[in-house]
file protein-v4.txt (compact mmCIF, C-alpha atoms)
# COMPACT_ATOMS: atom_id res chain seq x y z
CA MET A 202 82.21 49.71 83.65
CA GLU A 203 80.18 52.79 84.45
CA VAL A 204 81.06 56.03 82.70
CA ALA A 205 80.03 59.37 84.17
CA MET A 206 77.86 61.54 81.95
CA GLU A 207 80.27 64.46 82.23
CA ASP A 208 83.04 62.20 80.86
CA VAL A 209 80.85 61.25 77.91
CA LEU A 210 80.18 64.92 77.15
CA THR A 211 83.89 65.71 77.34
CA GLN A 212 84.79 62.83 75.03
CA LEU A 213 82.17 63.83 72.45
CA THR A 214 83.36 67.43 72.51
CA ARG A 215 86.98 66.39 72.01
CA GLN A 216 85.97 64.00 69.24
CA PHE A 217 83.97 66.41 67.09
CA LEU A 218 85.68 69.77 67.68
CA PRO A 219 88.86 68.92 65.68
CA GLN A 220 86.68 68.05 62.66
CA MET A 221 85.09 71.52 62.57
CA THR A 222 86.21 74.69 60.88
CA ALA A 223 87.05 77.76 62.94
CA ALA A 224 83.66 79.33 62.28
CA GLU A 225 81.83 76.11 63.17
CA LYS A 226 83.87 75.78 66.37
CA SER A 227 82.98 79.34 67.35
CA ARG A 228 79.26 78.78 66.79
CA ALA A 229 79.32 75.40 68.54
CA LEU A 230 81.14 76.72 71.60
CA ARG A 231 78.79 79.70 71.87
CA SER A 232 75.79 77.38 71.69
CA LEU A 233 77.31 75.04 74.27
CA LYS A 234 78.10 77.98 76.57
CA ALA A 235 74.50 79.23 76.26
CA LEU A 236 73.18 75.75 77.05
CA ILE A 237 75.45 75.43 80.09
CA ASP A 238 74.49 78.90 81.33
CA ALA A 239 70.79 78.06 80.96
CA GLU A 240 71.17 74.81 82.90
CA LEU A 241 73.24 76.49 85.62
CA PHE A 242 70.56 79.14 85.95
CA GLU A 243 67.82 76.51 86.20
CA LEU A 244 69.73 74.55 88.86
CA ALA A 245 70.52 77.64 90.93
CA ALA A 246 67.01 79.09 90.66
CA SER A 247 65.26 75.83 91.58
CA GLU A 248 67.56 74.83 94.45
CA GLY A 249 65.55 74.67 97.67
CA ALA A 250 62.45 76.20 96.07
CA GLU A 251 60.15 73.33 97.03
CA ASP A 252 60.73 73.75 100.77
CA ASP A 253 61.20 77.51 101.03
CA PRO A 254 60.51 78.41 104.71
CA ASP A 255 59.89 82.07 103.85
CA ARG A 256 57.17 81.39 101.29
CA ALA A 257 54.15 83.68 101.60
CA CYS A 258 51.35 84.89 99.39
CA PRO A 259 52.73 87.59 97.06
CA TRP A 260 49.32 89.27 96.90
CA CYS A 261 48.51 89.75 100.59
CA GLY A 262 51.63 88.48 102.41
CA SER A 263 49.82 85.74 104.32
CA PRO A 264 52.00 82.72 105.25
CA HIS A 265 48.93 80.45 105.35
CA TYR A 266 48.37 78.51 102.14
CA VAL A 267 47.71 75.01 100.81
CA LYS A 268 48.81 73.21 97.67
CA ARG A 269 46.46 73.54 94.71
CA GLY A 270 47.69 71.37 91.85
CA ARG A 271 50.17 72.52 89.22
CA ASP A 272 50.14 75.16 86.52
CA GLY A 273 50.64 74.69 82.78
CA ARG A 274 54.44 74.56 83.19
CA GLY A 275 54.30 71.90 85.88
CA ARG A 276 55.11 74.25 88.76
CA GLN A 277 53.47 73.74 92.14
CA ARG A 278 50.51 76.03 92.65
CA PHE A 279 49.28 77.25 96.03
CA LEU A 280 45.99 78.64 97.31
CA CYS A 281 46.21 81.47 99.83
CA ARG A 282 43.94 81.09 102.86
CA GLY A 283 43.96 84.83 103.39
CA CYS A 284 42.87 86.27 100.04
CA ALA A 285 41.80 83.05 98.24
CA ARG A 286 44.08 83.78 95.28
CA THR A 287 46.43 81.25 93.71
CA PHE A 288 50.15 81.72 93.19
CA THR A 289 53.35 79.85 92.37
CA ASP A 290 56.94 80.40 93.41
CA ALA A 291 57.37 82.48 90.24
CA THR A 292 54.48 84.88 90.88
CA MET A 293 55.69 88.50 91.11
CA ARG A 294 59.30 87.33 91.15
CA ILE A 295 62.11 89.17 89.43
CA PHE A 296 62.49 86.61 86.65
CA SER A 297 58.79 85.93 86.18
CA THR A 298 58.08 88.87 83.86
CA THR A 299 61.32 89.08 81.89
CA LYS A 300 61.47 87.81 78.32
CA LEU A 301 65.20 87.09 78.46
CA ASP A 302 66.29 83.50 78.09
CA ARG A 303 67.90 81.69 80.98
CA SER A 304 71.43 81.87 79.60
CA ALA A 305 71.23 85.69 79.39
CA ARG A 306 70.07 85.86 83.00
CA MET A 307 73.01 83.72 84.12
CA ARG A 308 75.45 85.84 82.13
CA PHE A 309 74.06 88.97 83.74
CA ALA A 310 74.57 87.45 87.21
CA GLU A 311 78.20 86.80 86.25
CA CYS A 312 78.57 90.40 85.05
CA HIS A 313 77.06 91.54 88.34
CA VAL A 314 79.66 89.59 90.31
CA ASP A 315 82.45 91.09 88.19
CA MET A 316 80.92 94.59 88.71
CA LEU A 317 81.10 95.36 85.02
CA PRO A 318 79.79 98.71 83.72
CA LEU A 319 76.23 98.72 82.45
CA ARG A 320 77.22 99.13 78.82
CA GLU A 321 79.60 96.19 78.96
CA SER A 322 77.01 94.06 80.76
CA ALA A 323 74.41 94.98 78.14
CA GLU A 324 76.78 93.98 75.34
CA LYS A 325 77.63 90.62 76.92
CA CYS A 326 73.99 89.78 77.58
CA GLY A 327 72.70 91.03 74.24
CA VAL A 328 70.30 93.59 75.73
CA CYS A 329 69.92 97.35 75.53
CA LEU A 330 71.28 99.76 78.13
CA LYS A 331 67.83 100.42 79.59
CA THR A 332 67.25 96.70 80.18
CA ALA A 333 70.68 96.31 81.78
CA PHE A 334 69.95 99.22 84.12
CA PHE A 335 66.58 97.79 85.11
CA MET A 336 68.01 94.29 85.64
CA ARG A 337 70.79 95.66 87.83
CA HIS A 338 68.48 97.60 90.10
CA ARG A 339 65.98 94.77 90.38
CA LEU A 340 68.81 92.50 91.47
CA LEU A 341 69.97 95.10 93.98
CA GLU A 342 66.43 95.41 95.30
CA ALA A 343 66.29 91.65 95.86
CA MET A 344 69.77 91.54 97.40
CA ALA A 345 68.90 94.31 99.86
CA LYS A 346 66.11 92.16 101.30
CA ARG A 347 68.50 89.27 102.01
CA MET A 348 70.90 91.21 104.22
CA PRO A 349 71.54 90.02 107.78
CA ALA A 350 70.29 92.37 110.47
CA PHE A 351 72.77 94.45 112.47
CA ARG A 352 72.53 94.30 116.25
CA VAL A 353 74.86 95.00 119.17
CA GLU A 354 73.78 93.12 122.28
CA ALA A 355 74.59 93.94 125.89
CA GLY A 356 78.32 93.62 126.51
CA GLY A 357 79.08 93.59 122.79
CA GLY A 358 81.15 96.27 121.11
CA ALA A 359 80.78 98.34 117.96
CA GLU A 360 82.32 101.34 116.25
CA LEU A 361 80.19 104.11 114.74
CA ASP A 362 81.07 106.99 112.46
CA GLU A 363 79.70 108.99 109.54
CA CYS A 364 80.79 108.71 105.93
CA PHE A 365 80.06 111.53 103.48
CA PHE A 366 79.35 111.33 99.76
CA ARG A 367 78.97 114.19 97.34
CA GLU A 368 75.45 114.86 96.19
CA ARG A 369 75.35 113.79 92.56
CA PHE A 370 72.79 114.31 89.82
CA LYS A 371 74.36 111.71 87.55
CA GLY A 372 72.25 110.51 84.65
CA ASN A 373 70.97 111.52 81.24
CA ARG A 374 69.82 115.03 82.04
CA SER A 375 68.95 115.75 78.41
CA ARG A 376 65.94 113.44 78.85
CA SER A 377 65.16 114.55 82.38
CA GLU A 378 62.00 116.50 83.11
CA SER A 379 64.00 119.00 85.17
CA GLY A 380 67.52 120.31 85.02
CA MET A 381 70.25 120.29 87.64
CA PRO A 382 69.68 122.82 90.43
CA ARG A 383 73.34 123.87 90.60
CA LYS A 384 76.25 124.46 88.27
CA PRO A 385 78.16 121.33 87.19
CA ARG A 386 81.48 120.85 88.94
CA THR A 387 84.64 118.94 88.21
CA ARG A 388 85.85 116.37 90.71
CA SER A 389 88.69 118.60 91.83
CA GLN A 390 86.33 121.37 92.88
CA GLY A 391 85.21 121.44 96.48
CA THR A 392 81.61 121.27 97.61
CA ASP A 393 79.62 122.98 100.30
CA GLY A 394 78.95 120.88 103.40
CA HIS A 395 75.23 121.08 102.67
CA GLU A 396 75.85 119.38 99.33
CA LYS A 397 77.18 116.21 100.95
CA ILE A 398 75.07 113.23 101.97
CA CYS A 399 75.74 111.76 105.40
CA VAL A 400 75.74 107.96 105.74
CA LEU A 401 75.84 106.64 109.30
CA THR A 402 77.85 103.40 109.41
CA GLY A 403 78.93 100.91 112.02
CA ILE A 404 80.74 97.62 112.50
CA ASN A 405 80.41 95.30 115.50
CA ASP A 406 82.75 92.76 117.06
CA ALA A 407 81.41 89.98 114.81
CA GLY A 408 82.27 91.96 111.68
CA ASP A 409 78.65 92.75 110.79
CA ILE A 410 78.12 96.18 109.27
CA PHE A 411 75.27 98.57 108.73
CA TYR A 412 74.71 101.76 106.78
CA GLU A 413 71.88 104.26 106.95
CA ILE A 414 71.51 107.40 104.85
CA ALA A 415 71.04 109.98 107.59
CA GLY A 416 70.53 113.24 105.75
CA ARG A 417 72.21 116.23 104.22
CA GLY A 418 75.27 117.73 105.88
CA GLY A 419 76.27 116.71 109.40
CA LEU A 420 74.51 114.06 111.47
CA ASP A 421 71.77 115.54 113.62
CA GLU A 422 70.50 114.21 116.92
CA ALA A 423 66.99 113.24 115.78
CA ALA A 424 68.28 111.17 112.85
CA ALA A 425 70.92 109.45 114.99
CA ARG A 426 68.39 108.53 117.65
CA GLU A 427 65.96 107.11 115.09
CA LEU A 428 68.57 105.12 113.16
CA LEU A 429 70.33 103.62 116.19
CA ALA A 430 67.31 102.82 118.37
CA ASP A 431 66.80 99.27 117.06
CA LYS A 432 70.49 98.47 116.59
CA LEU A 433 71.97 99.05 120.05
CA ALA A 434 70.86 97.04 123.06
CA VAL A 435 71.04 98.39 126.59
CA GLY A 436 74.55 97.75 127.89
CA ALA A 437 76.34 97.83 124.53
CA ILE A 438 79.87 99.25 124.37
CA ILE A 439 80.20 101.84 121.61
CA SER A 440 83.30 103.58 120.26
CA THR A 441 82.98 106.80 118.27
CA ASP A 442 84.85 109.98 117.54
CA ARG A 443 84.27 113.04 119.72
CA ALA A 444 81.24 114.36 117.85
CA HIS A 445 78.75 115.96 120.23
CA VAL A 446 75.78 114.17 118.70
CA TYR A 447 76.97 110.80 120.05
CA ARG A 448 77.50 112.20 123.54
CA ARG A 449 73.84 113.20 123.66
CA VAL A 450 72.22 110.26 121.85
CA LEU A 451 74.08 107.19 123.14
CA PRO A 452 73.44 107.73 126.88
CA ALA A 453 69.76 108.24 126.08
CA LEU A 454 69.72 104.85 124.32
CA GLY A 455 71.14 103.17 127.43
CA VAL A 456 74.53 102.01 126.16
CA GLY A 457 76.80 100.51 128.79
CA ALA A 458 79.87 102.53 127.83
CA HIS A 459 80.66 105.20 125.29
CA ILE A 460 84.31 105.55 124.32
CA ALA A 461 84.87 108.86 122.52
CA SER A 462 88.37 109.12 121.04
CA LYS A 463 90.41 111.66 119.14
CA ARG A 464 91.38 110.93 115.57
CA GLU A 465 95.05 110.44 116.43
CA GLU A 466 94.19 107.74 118.97
CA HIS A 467 93.08 105.35 116.17
CA ALA A 468 90.33 103.85 118.32
CA ILE A 469 87.84 103.47 115.45
CA ASN A 470 90.18 102.14 112.79
CA ARG A 471 87.83 99.37 111.71
CA VAL A 472 84.97 101.67 110.81
CA ASN A 473 87.42 104.03 109.10
CA SER A 474 88.68 101.09 107.05
CA LEU A 475 85.06 100.32 106.20
CA HIS A 476 84.65 103.88 104.92
CA SER A 477 87.73 103.52 102.76
CA GLN A 478 86.44 100.32 101.18
CA MET A 479 82.99 101.83 100.72
CA ARG A 480 84.39 104.88 98.90
CA HIS A 481 86.57 102.66 96.73
CA PHE A 482 83.55 100.53 95.82
CA ILE A 483 81.42 103.54 94.89
CA GLY A 484 84.36 105.17 93.10
CA ARG A 485 84.72 102.34 90.59
CA PHE A 486 81.37 103.41 89.11
CA ARG A 487 82.73 106.96 88.62
CA GLY A 488 80.17 108.38 90.98
CA VAL A 489 76.65 107.25 91.79
CA SER A 490 73.52 109.35 91.55
CA THR A 491 72.27 110.28 95.00
CA ARG A 492 68.85 108.80 94.30
CA ARG A 493 70.51 105.43 93.50
CA LEU A 494 73.01 105.56 96.38
CA GLU A 495 71.00 103.29 98.69
CA ASN A 496 70.97 100.47 96.12
CA TYR A 497 74.72 100.68 95.60
CA LEU A 498 75.36 100.70 99.35
CA ALA A 499 73.24 97.54 99.55
CA TRP A 500 75.46 96.06 96.83
CA PHE A 501 78.55 96.93 98.88
CA LYS A 502 77.08 95.31 101.98
CA TRP A 503 76.21 92.20 99.97
CA THR A 504 79.80 91.85 98.80
CA TRP A 505 80.98 92.38 102.38
CA CYS A 506 78.66 89.68 103.74
CA PHE A 507 78.84 87.02 101.03
CA LYS A 508 82.08 87.39 99.12
CA VAL A 509 84.33 85.79 101.73
CA ARG A 510 85.60 82.34 100.70
CA ARG A 511 83.39 82.11 97.61
CA SER A 512 84.42 81.81 93.99
CA ALA A 513 82.93 83.95 91.22
CA ASP A 514 80.82 81.01 90.00
CA GLU A 515 79.43 80.39 93.48
CA LEU A 516 78.58 84.08 93.87
CA ALA A 517 76.76 84.10 90.53
CA GLU A 518 74.70 81.09 91.59
CA LEU A 519 73.98 82.76 94.94
CA ILE A 520 72.72 85.88 93.15
CA VAL A 521 70.44 83.75 90.97
CA ARG A 522 69.03 81.90 93.99
CA GLN A 523 68.34 85.12 95.86
CA ALA A 524 66.86 86.84 92.82
CA ALA A 525 64.68 83.83 91.94
CA ARG A 526 63.06 84.10 95.37
CA GLY A 527 63.16 87.88 95.53
CA THR A 528 60.17 90.07 94.88
CA TYR A 529 60.24 93.52 93.37
CA GLU A 530 58.24 96.60 94.21
CA LYS A 531 59.44 99.32 91.85
CA THR A 532 58.47 99.31 88.20
CA TRP A 533 60.51 100.91 85.42
CA ARG A 534 58.36 104.03 85.53
CA GLN A 535 58.91 104.35 89.29
CA TYR A 536 62.67 104.02 88.82
CA LYS A 537 62.57 106.71 86.16
CA VAL A 538 60.77 109.24 88.37
CA THR A 539 62.54 108.39 91.63
CA PRO A 540 62.90 111.72 93.47
CA TYR A 541 66.21 112.95 94.80
CA PRO A 542 66.38 112.63 98.59
CA PHE A 543 66.60 115.71 100.80
CA TYR A 544 65.57 117.96 97.90
CA GLU A 545 63.99 120.46 100.29
CA TYR A 546 67.36 122.22 100.46
CA TRP A 547 67.17 123.11 96.76
CA ILE A 548 63.56 124.22 97.07
CA LYS A 549 64.70 126.74 99.67
CA GLN A 550 67.64 127.74 97.47
CA ALA A 551 65.21 128.45 94.63
CA LYS A 552 64.03 131.58 96.43
CA TRP A 553 67.23 133.41 95.42
CA ASP A 554 69.01 131.01 93.03
CA SER A 555 67.74 131.31 89.44
CA ARG A 556 69.31 128.02 88.35
CA ALA A 557 67.61 126.07 91.15
CA ARG A 558 64.37 127.91 90.42
CA ARG A 559 64.56 126.94 86.74
CA ALA A 560 65.28 123.28 87.59
CA ILE A 561 62.40 123.02 90.06
CA TYR A 562 59.72 125.28 88.64
CA GLY A 563 60.78 125.54 85.00
CA VAL A 564 61.07 129.34 85.15
CA ALA A 565 63.92 131.64 86.14

call {"tool": "encode", "arguments": {"input": "protein-v4.txt", "output": "structure tokens"}}
result
Amino acid sequence: MEVAMEDVLTQLTRQFLPQMTAAEKSRALRSLKALIDAELFELAASEGAEDDPDRACPWCGSPHYVKRGRDGRGRQRFLCRGCARTFTDATMRIFSTTKLDRSARMRFAECHVDMLPLRESAEKCGVCLKTAFFMRHRLLEAMAKRMPAFRVEAGGGAELDECFFRERFKGNRSRSESGMPRKPRTRSQGTDGHEKICVLTGINDAGDIFYEIAGRGGLDEAAARELLADKLAVGAIISTDRAHVYRRVLPALGVGAHIASKREEHAINRVNSLHSQMRHFIGRFRGVSTRRLENYLAWFKWTWCFKVRRSADELAELIVRQAARGTYEKTWRQYKVTPYPFYEYWIKQAKWDSRARRAIYGVA
């Protein structure tokens, strides 16, 4: 009679656990959990790696390569025909340079699915806050590259509208090289229209969404034309509100029909619902720094695209698979000195605003 290995493991666990003290049980279960997490990580990270259709040289990007033996860890090595350098599937990958063990990486993926705060994620994974921050943004960078493209073909429909977020300078300003160029405000205080960041969003008939950070204040014609040019095919049917910018841009892009509706007509309810969910998602982090907003919007789009009909465990494994194949571009130093977008406004303000002048130039 054949006995499955998982049944043997279950029987052994049930046999020996009652014989242990409470402290021994706690240590044993933690060790077993770490072992299971490590194996789950290894399975998820290695799934489909041997026949990855998107494999390319991480040094020059060439898709032309041949096999060149194996490295010291037994991983397949490849020789690039373009730059003559060797690489493996782990070269310049997100997990290739980290010193964390596999169980910690799997736990962090689970924390990412649960959208836990950075401090709580750091505590669960046994890392410092800086490492948790860097791991989160590297994951977001990899996830952003796996998003499906948004496109509205001829005869297809879509709804477009803008969503606005307050400009935020969230972060540890005591360690920042420059201060904040305006006075701090409470959430109940209003903000000038120029201190809001415009995000152009859309949703098509298939339920695909897109977001593009368009600029400061209202949406202007040049930004709308640039952001929509590769998303709308000639003959597409587009619904918007009655903003003048759409009336000028959409006919120039060759859309088949432009339906401009008043707010009370509820013609763009789907994109308005998208805005509501987007604000709720960003709000759970108690505000997001403007220079990190694009990464968090990518996180929102990832949850929109992949969370349907998947359990938390499946999502964690999906994150590991995507991250294991994902490459990174920004280093920790680059994340630290990431500039705030659309900062030209504050440079102009510095001419007559002493606080902005002190933040930018260091003198009042």

call {"tool": "atom_distance", "arguments": {"input": "protein-v4.txt", "atom1": "atom CA of Val328 of chain A", "atom2": "atom CA of Ile520 of chain A"}}
result
19.2 Å

call {"tool": "closest_atom_pairs", "arguments": {"input": "protein-v4.txt", "of": "segment 270-384 of chain A", "to": "segment 451-470 of chain A", "cutoff": "8 Å", "atoms": "only C-alpha atoms", "output": "Markdown table"}}
result
| residue | atom | partner | partner_atom | distance |
| --- | --- | --- | --- | --- |
| A:Ala355 | CA | A:Gly457 | CA | 7.5 |
| A:Gly356 | CA | A:Gly457 | CA | 7.4 |
| A:Glu360 | CA | A:Ile469 | CA | 6.0 |
| A:Leu361 | CA | A:Ile469 | CA | 7.7 |

call {"tool": "closest_residue", "arguments": {"input": "protein-v4.txt", "among": "A:Val446, A:Val538, A:Val521, A:Leu428", "to": "Ser304 of chain A", "atoms": "all atoms listed in the file"}}
result
A:Val521

call {"tool": "atom_distance", "arguments": {"input": "protein-v4.txt", "atom1": "atom CA of Gly419 of chain A", "atom2": "atom CA of Trp505 of chain A"}}
result
25.8 Å

call {"tool": "atom_distance", "arguments": {"input": "protein-v4.txt", "atom1": "atom CA of Lys325 of chain A", "atom2": "atom CA of Gly372 of chain A"}}
result
22.0 Å

call {"tool": "residues_around", "arguments": {"input": "protein-v4.txt", "residues": "Trp547 of chain A", "least_positions_apart": "2", "cutoff": "9 Å", "atoms": "all atoms listed in the file", "output": "MDAnalysis selection string"}}
result
chainID A and resid 382:383 543:545 549:551 554 557:558 561

call {"tool": "residues_around", "arguments": {"input": "protein-v4.txt", "residues": "segment 262-271 of chain A", "least_positions_apart": "5", "cutoff": "9 Å", "atoms": "only C-alpha atoms", "output": "PyMOL selection string"}}
result
chain A and resi 255-257+276-285+287+289

call {"tool": "write_last_selection", "arguments": {"input": "protein-v4.txt", "atoms": "C-alpha atoms", "output": "CSV table (one decimal), in the frame of the given file"}}
result
chain,number,residue,atom,x,y,z
A,255,ASP,CA,59.9,82.1,103.8
A,256,ARG,CA,57.2,81.4,101.3
A,257,ALA,CA,54.2,83.7,101.6
A,276,ARG,CA,55.1,74.2,88.8
A,277,GLN,CA,53.5,73.7,92.1
A,278,ARG,CA,50.5,76.0,92.6
A,279,PHE,CA,49.3,77.2,96.0
A,280,LEU,CA,46.0,78.6,97.3
A,281,CYS,CA,46.2,81.5,99.8
A,282,ARG,CA,43.9,81.1,102.9
A,283,GLY,CA,44.0,84.8,103.4
A,284,CYS,CA,42.9,86.3,100.0
A,285,ALA,CA,41.8,83.0,98.2
A,287,THR,CA,46.4,81.2,93.7
A,289,THR,CA,53.4,79.8,92.4

call {"tool": "residues_around", "arguments": {"input": "protein-v4.txt", "residues": "segment 339-352 of chain A", "least_positions_apart": "2", "cutoff": "8 Å", "atoms": "only C-alpha atoms", "output": "list in words"}}
result
Ile295, Phe335, Met336, Arg337, Glu354, Asn405, Asp409, Ile410, Phe411, Asp431, Lys432, Leu433, Ala434, Asn496, Tyr497, Ala499, Trp500, Lys502, Trp503, Cys506, Ile520, Gln523, Ala524, Gly527, Thr528 and Tyr529 of chain A

call {"tool": "write_last_selection", "arguments": {"input": "protein-v4.txt", "atoms": "C-alpha atoms", "output": "PDB file, keeping the file's coordinate frame"}}
result
ATOM      1  CA  ILE A 295      62.110  89.170  89.430  1.00  0.00           C
ATOM      2  CA  PHE A 335      66.580  97.790  85.110  1.00  0.00           C
ATOM      3  CA  MET A 336      68.010  94.290  85.640  1.00  0.00           C
ATOM      4  CA  ARG A 337      70.790  95.660  87.830  1.00  0.00           C
ATOM      5  CA  GLU A 354      73.780  93.120 122.280  1.00  0.00           C
ATOM      6  CA  ASN A 405      80.410  95.300 115.500  1.00  0.00           C
ATOM      7  CA  ASP A 409      78.650  92.750 110.790  1.00  0.00           C
ATOM      8  CA  ILE A 410      78.120  96.180 109.270  1.00  0.00           C
ATOM      9  CA  PHE A 411      75.270  98.570 108.730  1.00  0.00           C
ATOM     10  CA  ASP A 431      66.800  99.270 117.060  1.00  0.00           C
ATOM     11  CA  LYS A 432      70.490  98.470 116.590  1.00  0.00           C
ATOM     12  CA  LEU A 433      71.970  99.050 120.050  1.00  0.00           C
ATOM     13  CA  ALA A 434      70.860  97.040 123.060  1.00  0.00           C
ATOM     14  CA  ASN A 496      70.970 100.470  96.120  1.00  0.00           C
ATOM     15  CA  TYR A 497      74.720 100.680  95.600  1.00  0.00           C
ATOM     16  CA  ALA A 499      73.240  97.540  99.550  1.00  0.00           C
ATOM     17  CA  TRP A 500      75.460  96.060  96.830  1.00  0.00           C
ATOM     18  CA  LYS A 502      77.080  95.310 101.980  1.00  0.00           C
ATOM     19  CA  TRP A 503      76.210  92.200  99.970  1.00  0.00           C
ATOM     20  CA  CYS A 506      78.660  89.680 103.740  1.00  0.00           C
ATOM     21  CA  ILE A 520      72.720  85.880  93.150  1.00  0.00           C
ATOM     22  CA  GLN A 523      68.340  85.120  95.860  1.00  0.00           C
ATOM     23  CA  ALA A 524      66.860  86.840  92.820  1.00  0.00           C
ATOM     24  CA  GLY A 527      63.160  87.880  95.530  1.00  0.00           C
ATOM     25  CA  THR A 528      60.170  90.070  94.880  1.00  0.00           C
ATOM     26  CA  TYR A 529      60.240  93.520  93.370  1.00  0.00           C
TER      27      TYR A 529
END

call {"tool": "closest_residue", "arguments": {"input": "protein-v4.txt", "among": "A:His481, A:His395, A:Arg471, A:Arg306", "to": "Gly408 of chain A", "atoms": "all atoms listed in the file"}}
result
A:Arg471

call {"tool": "residues_around", "arguments": {"input": "protein-v4.txt", "residues": "segment 422-427 of chain A", "least_positions_apart": "3", "cutoff": "7 Å", "atoms": "only C-alpha atoms", "output": "list in words"}}
result
Ala415, Ala430, Val446 and Val450 of chain A

call {"tool": "build_atoms", "arguments": {"input": "protein-v4.txt", "residues": "segment 479-494 of chain A", "atoms": "N, CA and C atoms", "output": "PDB file, in the coordinates of the input"}}
result
ATOM      1  N   MET A 479      84.264 101.384 101.272  1.00  0.00           N
ATOM      2  CA  MET A 479      82.990 101.830 100.720  1.00  0.00           C
ATOM      3  C   MET A 479      83.210 102.889  99.641  1.00  0.00           C
ATOM      4  N   ARG A 480      84.103 103.841  99.901  1.00  0.00           N
ATOM      5  CA  ARG A 480      84.390 104.880  98.900  1.00  0.00           C
ATOM      6  C   ARG A 480      85.047 104.281  97.662  1.00  0.00           C
ATOM      7  N   HIS A 481      85.926 103.313  97.875  1.00  0.00           N
ATOM      8  CA  HIS A 481      86.570 102.660  96.730  1.00  0.00           C
ATOM      9  C   HIS A 481      85.542 101.917  95.890  1.00  0.00           C
ATOM     10  N   PHE A 482      84.595 101.269  96.538  1.00  0.00           N
ATOM     11  CA  PHE A 482      83.550 100.530  95.820  1.00  0.00           C
ATOM     12  C   PHE A 482      82.694 101.484  94.994  1.00  0.00           C
ATOM     13  N   ILE A 483      82.252 102.576  95.608  1.00  0.00           N
ATOM     14  CA  ILE A 483      81.420 103.540  94.890  1.00  0.00           C
ATOM     15  C   ILE A 483      82.232 104.234  93.797  1.00  0.00           C
ATOM     16  N   GLY A 484      83.524 104.454  94.060  1.00  0.00           N
ATOM     17  CA  GLY A 484      84.360 105.170  93.100  1.00  0.00           C
ATOM     18  C   GLY A 484      84.567 104.423  91.801  1.00  0.00           C
ATOM     19  N   ARG A 485      84.492 103.089  91.824  1.00  0.00           N
ATOM     20  CA  ARG A 485      84.720 102.340  90.590  1.00  0.00           C
ATOM     21  C   ARG A 485      83.598 102.566  89.573  1.00  0.00           C
ATOM     22  N   PHE A 486      82.461 103.092  90.020  1.00  0.00           N
ATOM     23  CA  PHE A 486      81.370 103.410  89.110  1.00  0.00           C
ATOM     24  C   PHE A 486      81.418 104.878  88.667  1.00  0.00           C
ATOM     25  N   ARG A 487      82.524 105.553  88.991  1.00  0.00           N
ATOM     26  CA  ARG A 487      82.730 106.960  88.620  1.00  0.00           C
ATOM     27  C   ARG A 487      81.592 107.844  89.134  1.00  0.00           C
ATOM     28  N   GLY A 488      81.234 107.595  90.366  1.00  0.00           N
ATOM     29  CA  GLY A 488      80.170 108.380  90.980  1.00  0.00           C
ATOM     30  C   GLY A 488      78.820 107.719  90.802  1.00  0.00           C
ATOM     31  N   VAL A 489      77.984 107.847  91.811  1.00  0.00           N
ATOM     32  CA  VAL A 489      76.650 107.250  91.790  1.00  0.00           C
ATOM     33  C   VAL A 489      75.639 108.351  92.076  1.00  0.00           C
ATOM     34  N   SER A 490      74.576 108.377  91.310  1.00  0.00           N
ATOM     35  CA  SER A 490      73.520 109.350  91.550  1.00  0.00           C
ATOM     36  C   SER A 490      72.993 109.202  92.968  1.00  0.00           C
ATOM     37  N   THR A 491      72.724 110.312  93.613  1.00  0.00           N
ATOM     38  CA  THR A 491      72.270 110.280  95.000  1.00  0.00           C
ATOM     39  C   THR A 491      70.980 109.486  95.157  1.00  0.00           C
ATOM     40  N   ARG A 492      70.107 109.533  94.172  1.00  0.00           N
ATOM     41  CA  ARG A 492      68.850 108.800  94.300  1.00  0.00           C
ATOM     42  C   ARG A 492      69.026 107.298  94.089  1.00  0.00           C
ATOM     43  N   ARG A 493      70.211 106.866  93.621  1.00  0.00           N
ATOM     44  CA  ARG A 493      70.510 105.430  93.500  1.00  0.00           C
ATOM     45  C   ARG A 493      71.510 104.971  94.560  1.00  0.00           C
ATOM     46  N   LEU A 494      71.937 105.871  95.433  1.00  0.00           N
ATOM     47  CA  LEU A 494      73.010 105.560  96.380  1.00  0.00           C
ATOM     48  C   LEU A 494      72.637 104.401  97.297  1.00  0.00           C
TER      49      LEU A 494
END
